[in-house]
Structure formats: C-alpha cells, structure tokens
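Just model-v4.cif here, mmCIF, C-alpha atoms and all ligand atoms:
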```cif
data_model
#
loop_
_atom_site.label_atom_id
_atom_site.label_comp_id
_atom_site.auth_asym_id
_atom_site.auth_seq_id
_atom_site.Cartn_x
_atom_site.Cartn_y
_atom_site.Cartn_z
CA MET A 852 84.45 114.18 85.65
CA ASP A 853 86.77 111.19 85.20
CA PHE A 854 86.36 108.49 87.85
CA ASP A 855 88.91 106.11 86.33
CA PHE A 856 92.38 105.66 87.74
CA THR A 857 95.27 106.39 85.38
CA PRO A 858 97.41 103.47 84.06
CA PRO A 859 100.30 104.32 86.46
CA GLN A 860 97.81 104.40 89.35
CA GLN A 861 96.41 101.04 88.28
CA ALA A 862 99.94 99.64 88.09
CA PHE A 863 100.60 100.96 91.59
CA ARG A 864 97.41 99.25 92.80
CA ALA A 865 98.54 95.93 91.33
CA GLU A 866 101.97 96.29 92.96
CA VAL A 867 100.48 97.07 96.38
CA ARG A 868 97.93 94.27 96.09
CA SER A 869 100.55 91.62 95.45
CA TRP A 870 102.81 92.96 98.21
CA LEU A 871 99.96 92.88 100.72
CA THR A 872 98.93 89.36 99.66
CA ALA A 873 102.44 88.17 100.48
CA ASN A 874 103.11 90.25 103.59
CA VAL A 875 100.10 90.90 105.85
CA PRO A 876 100.92 88.99 109.07
CA ALA A 877 98.30 86.32 109.83
CA ALA A 878 97.91 87.66 113.40
CA LEU A 879 96.85 91.07 112.08
CA LYS A 880 94.74 90.03 109.09
CA GLY A 881 91.03 90.65 109.62
CA ARG A 882 91.72 92.89 112.61
CA GLY A 883 91.69 96.00 110.46
CA PHE A 884 88.35 97.43 111.40
CA ALA A 885 88.21 96.86 115.10
CA ALA A 886 91.90 96.98 115.93
CA SER A 887 92.78 98.03 119.45
CA ARG A 888 95.04 101.01 119.88
CA GLY A 889 94.76 100.81 123.64
CA ASP A 890 96.39 97.47 124.32
CA ARG A 891 100.17 97.82 124.69
CA ASP A 892 100.96 94.42 123.12
CA ALA A 893 98.72 95.21 120.14
CA VAL A 894 100.53 98.53 119.73
CA VAL A 895 103.92 96.74 119.67
CA ARG A 896 102.65 94.52 116.83
CA LEU A 897 101.16 97.49 114.97
CA ARG A 898 104.41 99.48 115.30
CA ALA A 899 106.28 96.55 113.71
CA TRP A 900 103.65 96.43 110.95
CA GLN A 901 104.11 100.17 110.21
CA ARG A 902 107.88 99.65 110.08
CA GLN A 903 107.41 96.79 107.62
CA LEU A 904 105.12 98.96 105.49
CA TYR A 905 107.70 101.75 105.64
CA GLY A 906 110.50 99.38 104.57
CA ALA A 907 108.44 98.52 101.50
CA GLY A 908 107.94 102.21 100.69
CA TYR A 909 104.28 102.36 101.71
CA VAL A 910 104.32 104.91 104.54
CA GLY A 911 104.18 108.61 103.78
CA ILE A 912 103.80 107.92 100.09
CA ASP A 913 102.22 111.32 99.56
CA TRP A 914 104.96 113.09 101.57
CA PRO A 915 107.66 114.89 99.56
CA VAL A 916 110.87 112.89 98.96
CA GLU A 917 112.91 115.50 100.89
CA TYR A 918 110.92 114.58 104.02
CA GLY A 919 111.41 110.83 103.59
CA GLY A 920 108.23 110.20 101.62
CA ARG A 921 107.70 108.75 98.18
CA GLY A 922 106.62 112.02 96.56
CA ALA A 923 103.52 110.40 95.09
CA SER A 924 100.14 112.10 95.14
CA ILE A 925 97.41 111.65 97.69
CA MET A 926 95.64 109.40 95.15
CA GLU A 927 98.34 106.74 95.62
CA GLN A 928 97.83 107.13 99.34
CA VAL A 929 94.11 106.46 98.88
CA ILE A 930 94.80 103.47 96.61
CA LEU A 931 97.13 102.06 99.26
CA TYR A 932 94.48 102.40 101.97
CA GLU A 933 91.83 100.89 99.69
CA GLU A 934 94.07 97.91 99.08
CA MET A 935 94.84 97.56 102.79
CA SER A 936 91.09 97.47 103.36
CA ARG A 937 90.70 94.79 100.67
CA ALA A 938 93.51 92.76 102.26
CA GLU A 939 91.95 93.25 105.73
CA ALA A 940 95.24 94.72 106.94
CA PRO A 941 95.42 97.30 109.74
CA GLN A 942 96.42 100.85 108.89
CA PRO A 943 99.66 102.43 110.18
CA ILE A 944 99.48 102.99 113.93
CA ASN A 945 101.03 106.48 113.95
CA ARG A 946 97.90 108.13 112.59
CA GLY A 947 98.27 111.41 114.48
CA GLY A 948 101.87 111.75 113.34
CA LEU A 949 101.28 110.82 109.73
CA SER A 950 98.00 112.56 109.02
CA MET A 951 98.02 115.51 111.41
CA LEU A 952 101.40 116.55 112.78
CA GLY A 953 103.50 115.66 109.70
CA PRO A 954 101.53 117.87 107.28
CA THR A 955 101.36 120.60 109.97
CA LEU A 956 105.16 120.62 110.40
CA MET A 957 105.65 120.74 106.63
CA ARG A 958 103.49 123.84 106.54
CA HIS A 959 104.35 125.66 109.79
CA GLY A 960 107.41 123.91 111.29
CA THR A 961 111.05 125.06 111.31
CA PRO A 962 113.66 123.12 109.27
CA ALA A 963 115.11 121.84 112.58
CA GLN A 964 111.69 120.53 113.70
CA ARG A 965 111.14 118.75 110.40
CA GLU A 966 114.64 117.29 110.52
CA ARG A 967 114.17 116.06 114.09
CA HIS A 968 110.68 114.57 113.82
CA LEU A 969 109.46 113.62 110.36
CA ALA A 970 111.61 110.51 109.81
CA LYS A 971 110.67 108.99 113.16
CA ILE A 972 106.99 109.57 112.44
CA LEU A 973 107.33 107.51 109.28
CA THR A 974 109.03 104.55 110.99
CA ALA A 975 106.72 104.70 114.05
CA ASP A 976 109.85 104.92 116.24
CA GLU A 977 108.04 107.87 117.77
CA ILE A 978 104.28 107.73 118.05
CA TRP A 979 102.46 111.04 118.50
CA CYS A 980 99.34 111.95 120.43
CA GLN A 981 97.17 115.06 120.19
CA GLY A 982 96.89 117.07 123.42
CA PHE A 983 94.18 119.57 122.57
CA SER A 984 91.07 118.80 124.68
CA GLU A 985 90.84 119.78 128.35
CA PRO A 986 88.13 119.25 130.97
CA ASN A 987 86.55 122.60 130.03
CA ALA A 988 87.74 122.84 126.46
CA GLY A 989 86.37 120.28 124.02
CA SER A 990 83.96 121.75 121.49
CA ASP A 991 84.93 125.15 122.84
CA LEU A 992 88.61 124.36 122.32
CA ALA A 993 89.75 127.98 122.52
CA ASN A 994 88.76 127.94 126.20
CA LEU A 995 91.84 125.84 126.98
CA GLN A 996 93.69 126.83 130.15
CA THR A 997 97.01 124.92 130.21
CA ARG A 998 99.58 127.62 130.98
CA ALA A 999 103.02 128.08 129.42
CA VAL A 1000 105.34 130.53 131.14
CA LEU A 1001 108.58 131.57 129.44
CA GLU A 1002 111.73 131.13 131.57
CA GLY A 1003 114.80 131.88 129.46
CA ASP A 1004 114.82 129.41 126.58
CA TRP A 1005 112.16 127.21 128.15
CA TYR A 1006 108.41 127.19 128.55
CA VAL A 1007 107.13 125.81 131.85
CA LEU A 1008 103.80 124.03 131.36
CA ASN A 1009 101.10 123.51 133.98
CA GLY A 1010 97.61 122.15 133.37
CA GLN A 1011 95.58 119.14 132.35
CA LYS A 1012 94.63 117.54 129.07
CA VAL A 1013 91.95 114.87 128.66
CA TRP A 1014 90.78 112.26 126.11
CA THR A 1015 94.35 112.12 124.78
CA SER A 1016 94.24 109.03 122.55
CA MET A 1017 97.28 106.77 122.80
CA ALA A 1018 99.20 109.07 125.17
CA HIS A 1019 100.11 105.97 127.22
CA VAL A 1020 101.95 104.46 124.24
CA SER A 1021 103.23 107.67 122.62
CA GLU A 1022 106.71 109.19 122.78
CA TRP A 1023 105.61 112.73 121.88
CA GLY A 1024 102.53 114.93 121.87
CA PHE A 1025 101.52 118.08 120.02
CA PHE A 1026 99.85 120.30 122.58
CA LEU A 1027 97.92 123.54 122.65
CA VAL A 1028 98.81 125.82 125.56
CA ARG A 1029 98.23 129.40 126.62
CA ALA A 1030 101.35 131.59 126.87
CA ALA A 1031 99.46 134.91 127.12
CA PRO A 1032 96.94 134.54 129.96
CA GLY A 1033 95.10 137.83 129.41
CA ALA A 1034 94.67 137.47 125.63
CA VAL A 1035 91.32 137.07 123.89
CA LYS A 1036 90.50 133.36 123.61
CA HIS A 1037 91.79 132.39 120.14
CA LYS A 1038 94.64 134.91 120.20
CA GLY A 1039 96.70 133.60 123.13
CA ILE A 1040 97.14 129.99 122.04
CA THR A 1041 100.51 128.39 121.27
CA PHE A 1042 101.17 125.04 119.51
CA ILE A 1043 104.06 123.20 121.12
CA LEU A 1044 105.78 119.80 120.79
CA VAL A 1045 106.22 117.94 124.07
CA ASP A 1046 108.48 114.96 124.77
CA LEU A 1047 106.29 112.78 126.99
CA LYS A 1048 109.31 111.52 128.95
CA THR A 1049 109.84 115.04 130.37
CA PRO A 1050 109.62 115.08 134.20
CA GLY A 1051 106.29 116.43 135.52
CA ILE A 1052 104.05 114.59 133.03
CA SER A 1053 101.67 111.92 134.33
CA VAL A 1054 99.54 109.92 131.95
CA ARG A 1055 96.50 108.18 133.41
CA PRO A 1056 94.55 105.85 131.11
CA LEU A 1057 90.73 106.19 131.13
CA ARG A 1058 88.69 103.03 130.62
CA GLN A 1059 86.12 103.41 127.87
CA ILE A 1060 82.77 101.79 127.09
CA THR A 1061 84.62 99.26 124.90
CA GLY A 1062 86.46 98.01 127.98
CA GLU A 1063 89.83 99.17 126.69
CA ALA A 1064 91.71 102.30 127.74
CA GLU A 1065 92.67 103.96 124.47
CA PHE A 1066 92.58 107.52 125.75
CA ASN A 1067 94.04 109.22 128.81
CA GLU A 1068 94.19 112.13 131.17
CA VAL A 1069 97.53 113.92 130.90
CA PHE A 1070 98.65 116.04 133.84
CA LEU A 1071 101.42 118.62 133.36
CA GLU A 1072 103.18 119.91 136.45
CA ASN A 1073 106.11 122.30 135.92
CA VAL A 1074 107.02 120.58 132.65
CA ARG A 1075 110.02 122.30 131.04
CA VAL A 1076 109.85 122.35 127.23
CA PRO A 1077 112.43 124.07 124.98
CA ALA A 1078 111.02 127.28 123.46
CA ALA A 1079 112.36 125.95 120.13
CA ASN A 1080 109.53 123.38 120.22
CA VAL A 1081 106.90 126.03 119.47
CA VAL A 1082 105.39 125.45 116.01
CA GLY A 1083 104.57 128.67 114.17
CA LYS A 1084 104.56 131.87 116.19
CA VAL A 1085 103.92 132.14 119.92
CA ASN A 1086 100.26 133.12 120.54
CA GLU A 1087 99.40 132.32 116.92
CA GLY A 1088 98.93 128.61 117.50
CA TRP A 1089 95.23 128.75 116.65
CA SER A 1090 95.92 128.99 112.93
CA VAL A 1091 98.43 126.11 113.24
CA ALA A 1092 95.79 124.07 115.09
CA ILE A 1093 93.24 124.83 112.36
CA THR A 1094 95.60 123.23 109.82
CA THR A 1095 95.92 120.14 112.00
CA LEU A 1096 92.15 119.92 112.58
CA ALA A 1097 91.38 120.40 108.89
CA TYR A 1098 93.65 117.45 108.04
CA GLU A 1099 92.01 115.48 110.83
CA ARG A 1100 88.54 116.12 109.39
CA ASP A 1101 89.47 115.73 105.76
CA VAL A 1102 92.29 113.27 105.14
CA LEU A 1103 91.65 111.28 108.29
CA THR A 1104 87.96 111.03 107.49
CA MET A 1105 88.88 109.54 104.13
CA ILE A 1106 91.09 107.05 105.95
CA ARG A 1107 88.36 106.29 108.49
CA HIS A 1108 85.91 105.86 105.66
CA ILE A 1109 88.15 103.24 104.12
CA SER A 1110 88.13 101.39 107.47
CA LEU A 1111 84.36 101.61 107.34
CA ARG A 1112 84.45 99.92 103.95
CA THR A 1113 86.45 97.07 105.52
CA ALA A 1114 83.72 96.74 108.15
CA LEU A 1115 80.99 96.86 105.52
CA GLU A 1116 82.60 94.07 103.47
CA ARG A 1117 82.86 92.00 106.60
CA LEU A 1118 79.23 92.72 107.49
CA LEU A 1119 78.07 91.67 104.01
CA GLY A 1120 79.97 88.39 104.44
CA LEU A 1121 78.30 87.91 107.81
CA ALA A 1122 74.87 88.72 106.31
CA ARG A 1123 75.34 86.06 103.62
CA ARG A 1124 75.93 83.30 106.16
CA THR A 1125 73.68 84.31 109.10
CA LYS A 1126 70.08 83.06 109.19
CA VAL A 1127 67.37 85.53 110.28
CA ASN A 1128 63.62 84.68 110.08
CA GLY A 1129 64.27 81.68 107.86
CA HIS A 1130 66.41 83.55 105.29
CA THR A 1131 70.04 84.53 105.24
CA ALA A 1132 70.22 88.14 106.48
CA ALA A 1133 71.26 89.19 102.97
CA HIS A 1134 67.90 87.85 101.66
CA GLU A 1135 65.67 88.89 104.55
CA PRO A 1136 63.46 91.64 103.05
CA VAL A 1137 63.93 94.36 105.71
CA LEU A 1138 67.59 93.74 106.48
CA ARG A 1139 68.33 93.57 102.78
CA GLN A 1140 67.01 97.12 102.38
CA LYS A 1141 69.12 98.33 105.29
CA LEU A 1142 72.24 96.70 103.88
CA ALA A 1143 71.58 98.27 100.48
CA ALA A 1144 71.23 101.69 102.15
CA LEU A 1145 74.62 101.16 103.80
CA VAL A 1146 76.26 100.24 100.50
CA ILE A 1147 74.80 103.38 98.90
CA ALA A 1148 75.92 105.55 101.81
CA GLU A 1149 79.43 104.12 101.58
CA ARG A 1150 79.53 104.98 97.88
CA CYS A 1151 78.37 108.55 98.61
CA LEU A 1152 81.13 108.88 101.20
CA ALA A 1153 83.72 107.65 98.71
CA LEU A 1154 82.61 110.17 96.08
CA SER A 1155 82.47 113.05 98.51
CA GLY A 1156 85.94 112.01 99.75
CA TYR A 1157 87.26 112.11 96.18
CA ARG A 1158 85.86 115.65 95.85
CA SER A 1159 87.79 116.78 98.93
CA LEU A 1160 90.92 115.06 97.64
CA THR A 1161 90.59 116.84 94.30
CA ARG A 1162 90.75 120.12 96.22
CA ILE A 1163 93.94 119.02 97.95
CA LEU A 1164 95.42 117.70 94.67
CA ASN A 1165 94.78 121.13 93.16
CA GLY A 1166 96.96 122.64 95.87
CA GLN A 1167 94.16 124.00 98.05
CA PRO A 1168 94.12 123.36 101.81
CA PRO A 1169 91.30 121.23 103.26
CA GLY A 1170 88.18 123.37 103.58
CA PRO A 1171 85.14 123.41 105.88
CA GLU A 1172 83.39 120.99 103.47
CA GLY A 1173 85.41 118.21 105.15
CA SER A 1174 82.87 118.57 107.97
CA THR A 1175 80.17 117.05 105.70
CA SER A 1176 82.15 113.85 105.29
CA LYS A 1177 83.02 113.58 108.97
CA LEU A 1178 79.37 114.14 109.96
CA PHE A 1179 78.00 111.64 107.44
CA TRP A 1180 80.75 109.09 108.14
CA SER A 1181 79.89 109.05 111.84
CA GLN A 1182 76.20 108.46 111.09
CA VAL A 1183 76.93 105.64 108.64
CA ASP A 1184 79.44 104.12 111.06
CA GLN A 1185 76.84 103.98 113.82
CA ASP A 1186 74.13 102.64 111.44
CA LEU A 1187 76.52 99.93 110.32
CA ALA A 1188 77.24 98.89 113.90
CA GLU A 1189 73.52 98.85 114.68
CA ILE A 1190 72.61 96.73 111.64
CA ALA A 1191 75.39 94.27 112.50
CA THR A 1192 73.91 94.02 115.98
CA GLU A 1193 70.44 93.44 114.51
CA ILE A 1194 71.70 90.68 112.22
CA ILE A 1195 73.62 88.88 114.93
CA GLY A 1196 70.93 89.34 117.58
CA PRO A 1197 71.63 88.90 121.31
CA TYR A 1198 74.93 87.13 120.63
CA SER A 1199 76.27 90.47 119.34
CA GLN A 1200 76.81 91.45 122.97
CA ILE A 1201 79.38 88.72 123.59
CA ALA A 1202 82.87 90.17 123.86
CA PRO A 1203 86.00 88.82 122.16
CA GLY A 1204 87.54 85.87 123.95
CA SER A 1205 84.35 83.82 124.31
CA GLU A 1206 83.78 80.82 122.05
CA TRP A 1207 80.15 82.01 121.74
CA ALA A 1208 81.14 85.38 120.25
CA PRO A 1209 80.25 85.48 116.52
CA ASP A 1210 83.00 86.71 114.20
CA GLU A 1211 85.49 86.60 117.12
CA GLY A 1212 83.48 89.22 119.02
CA GLN A 1213 84.68 92.03 116.81
CA TRP A 1214 81.15 93.39 116.38
CA GLU A 1215 80.65 93.84 120.10
CA PHE A 1216 83.80 96.00 120.14
CA TYR A 1217 82.83 97.83 116.96
CA ALA A 1218 79.31 98.68 118.16
CA LEU A 1219 80.66 100.23 121.34
CA LEU A 1220 83.55 101.98 119.59
CA ALA A 1221 81.13 103.58 117.12
CA ARG A 1222 79.44 105.50 119.96
CA GLY A 1223 82.49 107.80 119.96
CA SER A 1224 82.35 108.46 116.20
CA GLY A 1225 79.94 111.36 116.65
CA ILE A 1226 82.18 112.92 119.31
CA ARG A 1227 85.85 112.56 118.30
CA ALA A 1228 87.29 115.02 115.76
CA GLY A 1229 84.36 117.40 116.33
CA THR A 1230 80.90 116.45 117.62
CA SER A 1231 78.03 116.15 115.16
CA GLU A 1232 76.36 119.26 116.64
CA ILE A 1233 79.51 121.34 116.15
CA LEU A 1234 79.96 120.08 112.60
CA ARG A 1235 76.37 121.09 111.82
CA ASN A 1236 77.15 124.55 113.23
CA ILE A 1237 80.26 124.80 111.01
CA LEU A 1238 78.34 123.67 107.93
CA GLY A 1239 75.47 126.04 108.68
CA GLU A 1240 77.63 129.08 109.29
CA ARG A 1241 80.71 128.59 107.10
CA VAL A 1242 79.38 126.58 104.16
CA LEU A 1243 75.70 127.54 103.92
CA GLY A 1244 76.21 131.09 105.24
CA LEU A 1245 73.40 130.86 107.80
CA PRO A 1246 73.34 133.44 110.60
CA LYS A 1247 75.32 132.51 113.74
CA ASP A 1248 72.48 132.63 116.25
C1 LIG A 1301 87.23 108.25 121.11
C2 LIG A 1301 87.70 109.67 121.33
C3 LIG A 1301 89.02 110.00 121.14
C4 LIG A 1301 89.46 111.31 121.35
N1 LIG A 1301 90.79 111.59 121.17
C5 LIG A 1301 91.25 112.85 121.41
C6 LIG A 1301 92.64 113.15 121.30
O1 LIG A 1301 93.44 112.30 120.94
N2 LIG A 1301 93.07 114.40 121.59
C7 LIG A 1301 92.20 115.39 121.97
O2 LIG A 1301 92.66 116.52 122.18
N3 LIG A 1301 90.86 115.13 122.11
C8 LIG A 1301 90.39 113.89 121.84
N4 LIG A 1301 89.03 113.61 121.99
C9 LIG A 1301 88.18 114.64 122.52
C10 LIG A 1301 87.18 115.21 121.55
O3 LIG A 1301 87.81 116.08 120.64
C11 LIG A 1301 86.12 115.94 122.40
O4 LIG A 1301 85.44 114.94 123.14
C12 LIG A 1301 85.14 116.70 121.57
O5 LIG A 1301 85.75 117.81 120.97
C13 LIG A 1301 83.93 117.19 122.41
O6 LIG A 1301 84.34 117.88 123.53
P1 LIG A 1301 83.78 117.50 125.00
O7 LIG A 1301 83.93 116.01 125.18
O8 LIG A 1301 84.44 118.40 125.98
O9 LIG A 1301 82.22 117.79 124.95
P2 LIG A 1301 81.52 119.21 125.08
O10 LIG A 1301 82.22 120.19 124.22
O11 LIG A 1301 81.37 119.53 126.53
O12 LIG A 1301 80.09 118.92 124.45
C14 LIG A 1301 79.05 118.24 125.16
C15 LIG A 1301 77.82 118.20 124.27
O13 LIG A 1301 77.36 119.55 124.01
C16 LIG A 1301 77.28 119.80 122.59
N5 LIG A 1301 77.69 121.18 122.30
C17 LIG A 1301 78.76 121.83 122.80
N6 LIG A 1301 78.83 123.08 122.30
C18 LIG A 1301 77.79 123.21 121.43
C19 LIG A 1301 77.34 124.28 120.57
N7 LIG A 1301 77.99 125.44 120.49
N8 LIG A 1301 76.24 124.06 119.81
C20 LIG A 1301 75.58 122.85 119.87
N9 LIG A 1301 75.96 121.82 120.67
C21 LIG A 1301 77.05 122.00 121.44
C22 LIG A 1301 78.26 118.80 122.00
O14 LIG A 1301 77.95 118.51 120.65
C23 LIG A 1301 78.11 117.58 122.89
O15 LIG A 1301 76.98 116.82 122.51
C24 LIG A 1301 88.57 112.31 121.76
C25 LIG A 1301 87.21 111.97 121.95
C26 LIG A 1301 86.78 110.68 121.74
C27 LIG A 1301 85.33 110.34 121.94
#
```

Could the structure of this file be written out as structure tokens, please?
Amino acid sequence: MDFDFTPPQQAFRAEVRSWLTANVPAALKGRGFAASRGDRDAVVRLRAWQRQLYGAGYVGIDWPVEYGGRGASIMEQVILYEEMSRAEAPQPINRGGLSMLGPTLMRHGTPAQRERHLAKILTADEIWCQGFSEPNAGSDLANLQTRAVLEGDWYVLNGQKVWTSMAHVSEWGFFLVRAAPGAVKHKGITFILVDLKTPGISVRPLRQITGEAEFNEVFLENVRVPAANVVGKVNEGWSVAITTLAYERDVLTMIRHISLRTALERLLGLARRTKVNGHTAAHEPVLRQKLAALVIAERCLALSGYRSLTRILNGQPPGPEGSTSKLFWSQVDQDLAEIATEIIGPYSQIAPGSEWAPDEGQWEFYALLARGSGIRAGTSEILRNILGERVLGLPKD
C-alpha cells in the first residue's frame, strides 16, 4: 500500500495552502471546528466564503467538468479539506448539496434536474436541506408518513418533517414522501425536490442544547410540487435515498473527521498552555495518555477513511463499511470534547461572549454539539446493527 501523495497531488496541496494563507477571512479563521450553521448572519458570511472558494476553483473539485466541477479525483477534495483544516478555515456551508444531493442527482437525476440545480449548489446560491426524518421515522426511516398525492402534473404534499438541519436558511430541500399509501414500507417511498418558498410550507426552528437553533420542524400543508421534481422513479425512492445516505456516512464522515482534526490540533495547543496539577496539561501524566489516545484514534480514522476513498476511487459506490468510520468518529468526537472539558475544568462551561470563556468559549459549544454526533446520520446503535448484519453477517435477531 502506498500512503504517499503523487507529485501532482503535492503540487495541488502547495497551491491550495498558499491560496488559503492569503484568502481566509480573519473573521472566519479559527471558527472552523465549532462554526454555527444556525445563526443567520453566520450563514451569510459562510455563503460568501463558499462563493469565494468556488471562484478560486475549490468547490466541487471532484465533480465532473460537465457539471461545473474541476474533474479532479476525490483525493484532491480530501487534500483541500486537510489544508482548510490546517488553515483553520470553515468548510463550504452547502454540505447537504455538495456531498449528498449533488452526487445523488449525478447518479439518479434527469438532465433537466442536473441543469437546474448543480451549478447553484456549487455557488451556494441555493442551500439544500435534507427532509428525511419525521416524528415517527428516524432510525426506522421507512416508516415515514408524509403523503404525496398526484394531481395532474403536480404532487400535493401533506405531512411533517423534523430535525431538518438548516431548513430555516435553505432555498431547497430533498424530501422523502409516500406516494403509494398502501405499499409495503420501503416500496412506497418517493424522493422529491421541494422549493422551500412554495406556499404551504412552514419552517419552525428548534432550539438545541447548544443554545442555537440549527435544525427545524418543517410542516407541509397542501404543498404543490411539480411531478418533474421526482428523482428516480416514483415509489422507488428508497434506493435513491440509500445513495444519499451512503454518501452522508462515507464522504461526509471523512469531511467531519477532518473537522475533528482541526479540533484536535486546537486542543493540543490548549493542552500545551493550560496548567493542570502543576504541569501543562500536555505533560500531566494522565491527561497526556488521553491526548495520545486521541491522536492515535484520529490517525486510525484517517487510514480507515482512505480505505473507503480507495473504494470510491476504484469506481465502487460507498459500502456499509462507511458505518465503521461514522461510529468510531462519533465516539472520538465525544471523547475529544470530554478531554477538552477536563483540561479546562469548570471554566469549560462558560459560553462564547464572556471574557472568562477560555479559547473564546468554543469548547463549551463543541462539547454540547458533540452530544448529537452519535445520533445524526444514523445513531450508534443502528450503525452497530448494520455492521453486525451487513458486514459481519450476524443473524438479524
Ligand atoms: C444534530 C442533528 C442533525 C440532524 N439533521 C437532520 C437532517 O438534516 N435531516 C433529517 O432528515 N434528519 C436529521 N437528523 C435526524 C437524525 O437522522 C435522527 O435523529 C436519527 O436518525 C435518529 O432518529 P430519532 O431521533 O427519531 O430516534 P429514534 O429512531 O426514535 O431512536 C431513539 C433511540 O432508540 C434507538 N433505536 C432505535 N431503533 C433501534 C434498533 N432497531 N436497535 C437498537 N436501537 C434502536 C436509537 O439508537 C436511539 O438511541 C438530525 C439529528 C441530529 C441530532
């Protein structure tokens, strides 16, 4: 196995590094690992940042040229994210569009859908949210009940979605709905693109443990959506959703892991300058062990991420193995937050905005945000079920 980057990849890294050194806005630098996607003003700044990245050719670099990308491989994409982490720059805001819907449309969408949506995903002119979960359909997603009734060339949608991240700042959403009410669970699901400005949609932000409202309830009441917005075949949306979820677990986990590396670097810096029991935290015998364990875990995540990427580079779709990385990432993320809290001590509970908050209060936000890591994109229990049944071949019950 060859772990080295090729000379062109190294040249690309050098190019990105110098561009980032010159261009990361001071107001966004260092906000990479605990950046808010709930605050509307922050989203405005992050949209502008994605546009700037796009202008420089750094958004959608692994997308084919015909879809507005750079036609590079996913390795360049990873190098870019690694360098953004090194530069403490935030990642592009339109994560759902870039890493979930875009690849899904390339695989299952019509030419008209690609033509209409892909370019605006790249520029962040249209931010996308994912409307899958419902009050009684989270882990058991196929239990979703939002109804779609065909009336001529339109589907009329009624129902409720929940935990829809960024719906309050998004222009569009990719939704799962049920167009065949009597069908067996997975069979009657349809994947449809919904313009969030359509009459009948109400978005209500939900305040989270972090204090911000990053996700929302979305109510749909007689929402008329063109039938041409269905992705793939009607009632066969489950296989389309599986593509989206596989990208979420695989590529997005790699991206999340790179954010985790940003946090780890920041934590190591903090450990070197914070005194605990008469030593710096980096020299305190017990904390030192815990920090070393985190560094090792991060390295394992990187290597396992490269293994998944190799699969994709070889033209294979993301497989169930992506669940290993997501599961492990969420554990490491929570350990990292806990060790940061231990190093900082009681002051770790002080929120951003107070002059007493160490490291601008970012750790208070991070520690609370990390509680959701074992829930979003598949809970840890569900991922263990997937790994047991689909990777290890254990019996279902
Ligand atoms: C920060 C955050 C952002 C999110 N963003 C989005 C979004 O943008 N779009 C979207 O559609 N959804 C989003 N979600 C929702 C997320 O996908 C769901 O929360 C998740 O799938 C779990 O569903 P649930 O909350 O209904 O919990 P439930 O499915 O009700 O699970 C409750 C508990 O029971 C356990 N459990 C359930 N079934 C089993 C089983 N068969 N075996 C063992 N244990 C089981 C679960 O692991 C969990 O601990 C987000 C969630 C979070 C936390």

Nearest candidate to Arg898 in chain A (options A:Val867, A:Ala975, A:Val1035, A:Ala1079; using only C-alpha atoms):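 That would be A:Ala975, the residue with the smallest distance to Arg898 in chain A.
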
Residues near range 1121-1132 of chain A, cut-off 10 Å, only C-alpha atoms, skip fewer than 5 positions along chain, as a list in words: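 The contact residues come out as Leu1115, Glu1116, Val1137, Leu1138, Arg1139, Leu1142, Ile1190, Ala1191, Glu1193, Ile1194, Ile1195, Gly1196, Pro1209 and Asp1210 of chain A.
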
Best match for closeness to ligand LIG 1301 (chain A) among A:Val875, A:Leu1027, A:Ile925, A:Leu973, counting only C-alpha atoms and all ligand atoms: A:Leu1027

Surrounding residues as a VMD selection string, ligand LIG 1301 (chain A), max 9 Å, only C-alpha atoms and all ligand atoms: chain A and resid 947 980 to 992 1012 to 1018 1026 to 1027 1059 1065 to 1067 1220 to 1236

Pick from A:Val1085, A:Leu871, A:Ile1043, A:Ala907, whichever lies nearest to Leu956 in chain A using only C-alpha atoms: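 Closest to Leu956 in chain A of all the choices is A:Ile1043.
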
Proximity to Ile978 in chain A - best of A:Pro1032, A:Thr955, A:Gln901, A:Thr1041, all atoms listed in the file: A:Gln901

Which residue of A:Val1081, A:Ala1202, A:Ala1133, A:Leu969 approaches Trp914 in chain A most closely, using only C-alpha atoms: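 Looking only at the distances to Trp914 in chain A, the closest residue turns out to be A:Leu969.
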